[in-house]
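*Asks:* Before I ask anything, here is the structure I am working with.
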Amino acid sequence: MAGGRQRSLLCVAVLLFSIWSVHSEPQASSPPHIIFIIADDLGWADVNWEDPNLHSPNLYHLAQNGIILGNSYVQPLCSPSRSALMSGYFPFHTGLQHIVILPMQKAFLPGNLTTLPQALKNVGYSTHAIGKWHLGFCNWKYTPRFRGFDSFYGYYNADEDYYNHEHQEALDFRFNEEVDKNASGVYSTFAFSRRAQEILEEHNTSQPIFLYLAFQAVHYPLEVPAIYEESYCSHIKDANRRTYCGMLAAMDEAIGNITEVLERRGYTDNMLLVFTADNGGDPTEGASNWPLRGAKSTLWEGGTRGKGLLYSKNLFKKTGTTYNGLMHIVDWFPTFMTLAGGETPSGIDGVSQWDAIVNDKASPRTEFVYNIDEINQNAAIRVGDWKLIQGSPGNQSGWYPPPQLANVVTEKEDFVAWPHSYSLFNINEDPLETTDVASKYPDVLAALKTRLGGMEGNPGSGQLSSQYPSLFDLSL
């Protein structure tokens, strides 16, 4: 009798332990919520752990309790980076490699591509876009709600006024497909953060959500409520940098308000948050990529290495670290699909980084294309530690420290190069790109020129070969 009771109690204990184990498993059995926040024109030095003169405590908290991305690359400009994120393709494969989509230009992310929100919807995600789109609006079918998002609140183009939301004297602000005049006079950072909080408050947390929040900040025009400059940035003497600092502080506060909702409503129990820049900062508009060389729109590291971080309460084995594996913005698509348990479209340029990030392994990526632009007649490729630049990397080719460090360096010369000239740098040994070693390593130069000439991709590998189906000839 006693033995039977003991066996019964043992069975109950085993059953309870099994139930507890299922519910306490740190690696979530259901797909995690994905919050993707992108800052516009944020420079490498434009966070307070790089420049203590700036105010970004909420980003600092996420970075210190998450994983900083030390080697994460983006495109030199807005539309190309966003196209790479949404499609998983390098922009030279989609026809969006040259500058950005202009207000009256018939250009868009090709409609035959599966987008990231479409792929996530296929595995049960609710998808919402807030802020800047900049991937085409010449036809409704190229706007956010026709590319996989359940809702859209924001603007289609670029560099509009932060308060009246006009671009070239035309209102550019939408709630889904309707023009929204109600936001007139509301600072866009506040409008976008409030919409994000509204979505997160109303959403049923049992369904995974993909929230894409593309802030207008800290892109020009330099505008911010005076209280942010006065409270956090009055010590900065340079006027542009001071306003820029205020814009960053307002965005950081907005991120703090959003993360408070995420925490209170339980999203953070099973969530991945990503924060990244879309390209380098513009030193003429208050930004700094110090100590990296170059700026927004250039092929230098300062234009293409994006500040970024990952945050999660329970998906990482270790936090407070830096992931220095080589990665590119095209990699987010397959990385998220790994997490979501969905299917990555075959043939894309991106590779999943999740296993490498979580298990501190070497990156699966060994090379990538910075860009190939037939109009600008320039290009750049990275293979291992080597970086090859063909033609001119672009204007603003010097080193641009924050204004308070202006006496550190005076070299701000343009970099003159003909379309068929080549420059070679070892980024591991010379991350600031101070020394062109093309003449010193002619064999490496020849090999990378051949590699760049191959410029087509191998399906699913993110590497270069001649087997990739070209999308470059798609008609608009």
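Labels for the structure tokens follow display order: chains A, B, ..., residues from 1 in each chain, ligands from 1.
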What's around segment 36-43 of chain A at 7 Å? Count only C-alpha atoms, leave out sequence neighbours fewer than 3 positions away in its own chain, and write the answer as a PyMOL selection string.

*Replies:* chain A and resi 46+211-219+273-282+287-289

*Asks:* Run DSSP on the backbone of this structure and report the residues of segment 44-184 of chain A it assigns to strand (DSSP E), as a short mmCIF file (atom, residue, chain, number, x, y, z; two decimals) with all heavy atoms, in the first residue's frame.

*Replies:*
```cif
data_model
loop_
_atom_site.label_atom_id
_atom_site.label_comp_id
_atom_site.auth_asym_id
_atom_site.auth_seq_id
_atom_site.Cartn_x
_atom_site.Cartn_y
_atom_site.Cartn_z
N ILE A 67 23.32 42.53 -27.22
CA ILE A 67 24.52 42.25 -28.00
C ILE A 67 24.74 43.40 -28.98
O ILE A 67 23.87 43.71 -29.80
CB ILE A 67 24.39 40.92 -28.77
CG1 ILE A 67 24.23 39.75 -27.79
CG2 ILE A 67 25.60 40.69 -29.68
CD1 ILE A 67 23.96 38.41 -28.47
N ILE A 68 25.88 44.03 -28.90
CA ILE A 68 26.25 45.09 -29.84
C ILE A 68 26.76 44.45 -31.13
O ILE A 68 27.49 43.45 -31.09
CB ILE A 68 27.32 46.02 -29.23
CG1 ILE A 68 26.74 46.81 -28.06
CG2 ILE A 68 27.88 46.97 -30.28
CD1 ILE A 68 27.76 47.64 -27.31
N LEU A 69 26.38 45.01 -32.25
CA LEU A 69 26.84 44.52 -33.54
C LEU A 69 28.04 45.35 -33.97
O LEU A 69 27.92 46.54 -34.26
CB LEU A 69 25.72 44.63 -34.57
CG LEU A 69 24.45 43.84 -34.24
CD1 LEU A 69 23.35 44.13 -35.25
CD2 LEU A 69 24.74 42.34 -34.18
N SER A 72 28.44 45.05 -38.62
CA SER A 72 27.19 44.92 -39.37
C SER A 72 27.12 46.00 -40.45
O SER A 72 27.20 47.19 -40.13
CB SER A 72 25.99 45.05 -38.42
OG SER A 72 24.79 44.98 -39.12
N TYR A 73 26.96 45.59 -41.69
CA TYR A 73 27.02 46.52 -42.81
C TYR A 73 25.65 46.81 -43.39
O TYR A 73 24.75 45.96 -43.40
CB TYR A 73 27.96 45.99 -43.90
CG TYR A 73 29.41 46.11 -43.51
CD1 TYR A 73 30.01 45.16 -42.70
CD2 TYR A 73 30.16 47.21 -43.91
CE1 TYR A 73 31.33 45.28 -42.31
CE2 TYR A 73 31.50 47.34 -43.53
CZ TYR A 73 32.07 46.36 -42.72
OH TYR A 73 33.38 46.49 -42.33
N SER A 126 1.48 38.94 -37.24
CA SER A 126 0.84 40.21 -37.51
C SER A 126 1.95 41.19 -37.87
O SER A 126 3.01 41.19 -37.20
CB SER A 126 0.08 40.68 -36.27
OG SER A 126 -0.43 41.99 -36.45
N THR A 127 1.76 41.99 -38.91
CA THR A 127 2.85 42.83 -39.40
C THR A 127 2.41 44.29 -39.49
O THR A 127 1.35 44.59 -40.03
CB THR A 127 3.32 42.36 -40.79
OG1 THR A 127 2.20 42.41 -41.70
CG2 THR A 127 3.83 40.93 -40.73
N HIS A 128 3.25 45.19 -38.98
CA HIS A 128 2.89 46.61 -38.97
C HIS A 128 4.13 47.45 -39.30
O HIS A 128 5.22 47.17 -38.78
CB HIS A 128 2.34 47.02 -37.62
CG HIS A 128 1.13 46.25 -37.22
ND1 HIS A 128 -0.15 46.63 -37.58
CD2 HIS A 128 0.99 45.10 -36.51
CE1 HIS A 128 -1.02 45.75 -37.11
NE2 HIS A 128 -0.36 44.81 -36.46
N ALA A 129 3.95 48.46 -40.14
CA ALA A 129 5.03 49.37 -40.52
C ALA A 129 4.71 50.77 -40.06
O ALA A 129 3.59 51.26 -40.22
CB ALA A 129 5.24 49.34 -42.03
N ILE A 130 5.71 51.43 -39.50
CA ILE A 130 5.58 52.79 -39.01
C ILE A 130 6.78 53.60 -39.48
O ILE A 130 7.92 53.14 -39.39
CB ILE A 130 5.52 52.83 -37.46
CG1 ILE A 130 4.35 51.99 -36.94
CG2 ILE A 130 5.42 54.27 -36.95
CD1 ILE A 130 4.38 51.81 -35.43
N GLY A 131 6.52 54.81 -39.98
CA GLY A 131 7.62 55.71 -40.31
C GLY A 131 7.90 55.79 -41.79
O GLY A 131 7.00 55.85 -42.62
N LYS A 132 9.16 55.75 -42.12
CA LYS A 132 9.62 55.98 -43.49
C LYS A 132 9.54 54.71 -44.33
O LYS A 132 10.03 53.66 -43.92
CB LYS A 132 11.06 56.50 -43.45
CG LYS A 132 11.66 56.83 -44.81
CD LYS A 132 13.05 57.40 -44.62
CE LYS A 132 13.70 57.78 -45.93
NZ LYS A 132 15.04 58.38 -45.72
N SER A 151 -0.80 47.07 -41.51
CA SER A 151 -1.09 48.49 -41.35
C SER A 151 0.16 49.31 -41.65
O SER A 151 1.28 48.80 -41.58
CB SER A 151 -1.60 48.80 -39.94
OG SER A 151 -0.54 48.77 -38.99
N PHE A 152 -0.07 50.58 -41.99
CA PHE A 152 1.04 51.50 -42.25
C PHE A 152 0.67 52.87 -41.72
O PHE A 152 -0.44 53.37 -41.93
CB PHE A 152 1.35 51.60 -43.74
CG PHE A 152 2.36 52.68 -44.07
CD1 PHE A 152 3.69 52.54 -43.68
CD2 PHE A 152 1.98 53.83 -44.75
CE1 PHE A 152 4.62 53.54 -43.96
CE2 PHE A 152 2.90 54.84 -45.04
CZ PHE A 152 4.23 54.68 -44.64
N TYR A 153 1.62 53.49 -41.03
CA TYR A 153 1.45 54.85 -40.53
C TYR A 153 2.77 55.56 -40.73
O TYR A 153 3.78 55.22 -40.10
CB TYR A 153 1.09 54.83 -39.05
CG TYR A 153 0.87 56.19 -38.42
CD1 TYR A 153 -0.30 56.90 -38.65
CD2 TYR A 153 1.83 56.74 -37.57
CE1 TYR A 153 -0.51 58.15 -38.07
CE2 TYR A 153 1.63 57.98 -36.98
CZ TYR A 153 0.45 58.67 -37.22
OH TYR A 153 0.25 59.90 -36.64
N GLY A 154 2.79 56.52 -41.66
CA GLY A 154 4.05 57.20 -41.91
C GLY A 154 4.08 57.90 -43.25
O GLY A 154 3.06 58.39 -43.74
N TYR A 155 5.25 57.94 -43.86
CA TYR A 155 5.42 58.70 -45.10
C TYR A 155 6.15 57.87 -46.13
O TYR A 155 6.88 56.94 -45.81
CB TYR A 155 6.13 60.02 -44.82
CG TYR A 155 7.52 59.92 -44.21
CD1 TYR A 155 8.64 60.31 -44.93
CD2 TYR A 155 7.72 59.47 -42.90
CE1 TYR A 155 9.91 60.25 -44.37
CE2 TYR A 155 8.97 59.42 -42.34
CZ TYR A 155 10.07 59.80 -43.08
OH TYR A 155 11.33 59.73 -42.52
N GLU A 166 5.48 67.90 -44.68
CA GLU A 166 5.45 68.22 -46.10
C GLU A 166 6.82 68.00 -46.74
O GLU A 166 7.85 68.25 -46.11
CB GLU A 166 5.02 69.68 -46.32
CG GLU A 166 3.57 69.93 -45.96
CD GLU A 166 3.15 71.36 -46.24
OE1 GLU A 166 4.01 72.16 -46.68
OE2 GLU A 166 1.97 71.68 -46.02
N HIS A 167 6.79 67.52 -47.98
CA HIS A 167 8.00 67.37 -48.78
C HIS A 167 7.74 68.07 -50.11
O HIS A 167 6.79 67.74 -50.81
CB HIS A 167 8.31 65.89 -49.02
CG HIS A 167 9.52 65.66 -49.88
ND1 HIS A 167 10.80 65.86 -49.42
CD2 HIS A 167 9.65 65.28 -51.18
CE1 HIS A 167 11.67 65.59 -50.38
NE2 HIS A 167 10.98 65.24 -51.46
N ALA A 170 4.26 69.43 -50.44
CA ALA A 170 3.16 68.46 -50.54
C ALA A 170 3.14 67.61 -49.27
O ALA A 170 4.19 67.17 -48.79
CB ALA A 170 3.34 67.57 -51.75
N LEU A 171 1.94 67.40 -48.71
CA LEU A 171 1.80 66.59 -47.51
C LEU A 171 2.11 65.13 -47.83
O LEU A 171 1.55 64.55 -48.76
CB LEU A 171 0.38 66.71 -46.97
CG LEU A 171 0.06 65.88 -45.71
CD1 LEU A 171 0.94 66.31 -44.54
CD2 LEU A 171 -1.41 66.02 -45.35
N ARG A 174 0.56 59.30 -44.16
CA ARG A 174 -0.55 58.38 -44.42
C ARG A 174 -0.87 57.53 -43.20
O ARG A 174 0.00 57.17 -42.44
CB ARG A 174 -0.20 57.43 -45.57
CG ARG A 174 0.16 58.13 -46.86
CD ARG A 174 -0.92 58.06 -47.86
NE ARG A 174 -0.61 58.83 -49.06
CZ ARG A 174 -1.46 59.01 -50.04
NH1 ARG A 174 -2.67 58.47 -50.00
NH2 ARG A 174 -1.13 59.73 -51.09
N PHE A 175 -2.15 57.22 -43.08
CA PHE A 175 -2.61 56.14 -42.21
C PHE A 175 -3.23 55.12 -43.15
O PHE A 175 -4.29 55.35 -43.71
CB PHE A 175 -3.62 56.64 -41.20
CG PHE A 175 -3.86 55.66 -40.07
CD1 PHE A 175 -4.33 56.09 -38.85
CD2 PHE A 175 -3.62 54.30 -40.22
CE1 PHE A 175 -4.55 55.20 -37.80
CE2 PHE A 175 -3.84 53.40 -39.20
CZ PHE A 175 -4.31 53.85 -37.99
N GLU A 178 -4.89 56.33 -46.59
CA GLU A 178 -5.52 57.64 -46.46
C GLU A 178 -4.52 58.71 -46.04
O GLU A 178 -3.67 58.47 -45.18
CB GLU A 178 -6.66 57.59 -45.43
CG GLU A 178 -7.78 56.63 -45.80
CD GLU A 178 -8.47 57.00 -47.09
OE1 GLU A 178 -8.69 58.22 -47.31
OE2 GLU A 178 -8.80 56.08 -47.88
N VAL A 179 -4.62 59.88 -46.65
CA VAL A 179 -3.81 61.01 -46.23
C VAL A 179 -4.24 61.41 -44.82
O VAL A 179 -5.43 61.55 -44.54
CB VAL A 179 -3.98 62.20 -47.19
CG1 VAL A 179 -3.22 63.43 -46.67
CG2 VAL A 179 -3.50 61.83 -48.58
#
```

*Asks:* Find the spatial neighbours of Leu292 of chain A, counting only C-alpha atoms, within a cut-off of 10 Å - ignore same-chain residues fewer than 6 positions away - and output them as a short mmCIF file (atom, residue, chain, number, x, y, z; two decimals) with N, CA and C atoms, in the first residue's frame.

*Replies:*
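Writing done, so here's around.cif:
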```cif
data_model
loop_
_atom_site.label_atom_id
_atom_site.label_comp_id
_atom_site.auth_asym_id
_atom_site.auth_seq_id
_atom_site.Cartn_x
_atom_site.Cartn_y
_atom_site.Cartn_z
N GLY A 43 25.05 58.17 -37.38
CA GLY A 43 26.47 57.91 -37.59
C GLY A 43 27.04 56.90 -36.60
N TRP A 44 28.21 56.39 -36.92
CA TRP A 44 28.87 55.39 -36.08
C TRP A 44 29.13 55.92 -34.68
N ALA A 45 29.43 57.21 -34.54
CA ALA A 45 29.76 57.80 -33.23
C ALA A 45 28.55 58.45 -32.57
N GLY A 280 25.50 55.44 -43.00
CA GLY A 280 26.31 56.32 -42.16
C GLY A 280 25.70 57.70 -42.03
N TRP A 300 33.06 54.17 -48.22
CA TRP A 300 33.96 54.00 -47.08
C TRP A 300 33.21 53.35 -45.91
N GLU A 301 33.97 52.90 -44.93
CA GLU A 301 33.35 52.24 -43.77
C GLU A 301 32.39 53.18 -43.04
N GLY A 302 32.70 54.47 -43.01
CA GLY A 302 31.83 55.43 -42.35
C GLY A 302 30.47 55.58 -43.01
N GLY A 303 30.36 55.18 -44.26
CA GLY A 303 29.08 55.24 -44.95
C GLY A 303 28.33 53.94 -44.95
N THR A 304 29.00 52.85 -44.58
CA THR A 304 28.41 51.53 -44.78
C THR A 304 28.42 50.60 -43.56
N ARG A 305 29.17 50.93 -42.53
CA ARG A 305 29.13 50.10 -41.33
C ARG A 305 28.11 50.71 -40.37
N GLY A 398 37.05 62.08 -46.14
CA GLY A 398 37.99 62.23 -45.04
C GLY A 398 37.50 61.57 -43.77
N TRP A 399 38.12 61.99 -42.64
CA TRP A 399 37.72 61.51 -41.32
C TRP A 399 37.09 62.69 -40.58
N TYR A 400 35.89 62.52 -40.09
CA TYR A 400 35.12 63.64 -39.56
C TYR A 400 34.78 63.40 -38.09
N PRO A 401 35.58 63.93 -37.18
CA PRO A 401 35.30 63.74 -35.75
C PRO A 401 34.14 64.61 -35.31
N PRO A 431 41.36 49.31 -40.13
CA PRO A 431 39.91 49.55 -40.16
C PRO A 431 39.53 50.99 -40.51
N LEU A 432 40.48 51.93 -40.37
CA LEU A 432 40.18 53.32 -40.67
C LEU A 432 40.51 53.68 -42.12
N GLU A 433 40.95 52.70 -42.89
CA GLU A 433 41.22 52.88 -44.32
C GLU A 433 42.18 54.04 -44.59
N THR A 434 43.31 53.99 -43.93
CA THR A 434 44.28 55.06 -44.10
C THR A 434 45.29 54.78 -45.21
#
```

*Asks:* Could you check the closest approach to Met251 of chain A for each of A:Lys296, A:Glu230, A:Asn58, A:Asn53 and tell me which residue wins, using only C-alpha atoms?

*Replies:*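 Comparing A:Lys296, A:Glu230, A:Asn58, A:Asn53 against Met251 of chain A, the winner is A:Asn58.
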
*Asks:* List every residue of segment 150-337 of chain A that DSSP, applied to the backbone, labels as helix (DSSP H, G or I), and write the result as a VMD selection string.

*Replies:* chain A and resid 188 to 202 226 to 232 239 to 264 267 to 270 283 to 285 301 to 304 329 to 337

*Asks:* Find the distance between atom CA of Thr114 of chain A and atom CA of Ile99 of chain A and write it in Å to one decimal.

*Replies:*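 So the two atoms, atom CA of Thr114 of chain A and atom CA of Ile99 of chain A, lie 22.9 Å apart.
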
*Asks:* Report as a PyMOL selection string all protein, DNA and RNA residues lying within 12 Å of Ser30 of chain A, evaluated on only C-alpha atoms, omitting residues in the same chain fewer than 5 positions from it.

*Replies:* chain A and resi 22-23+25+123-125+205-209+269-271+339-342

*Asks:* Any idea what's packed within 6 Å of segment 185-194 of chain A, counting only C-alpha atoms, ignoring anything in its chain fewer than 4 positions away? Could you give it as a ChimeraX atom specification?

*Replies:* /A:162-164,254
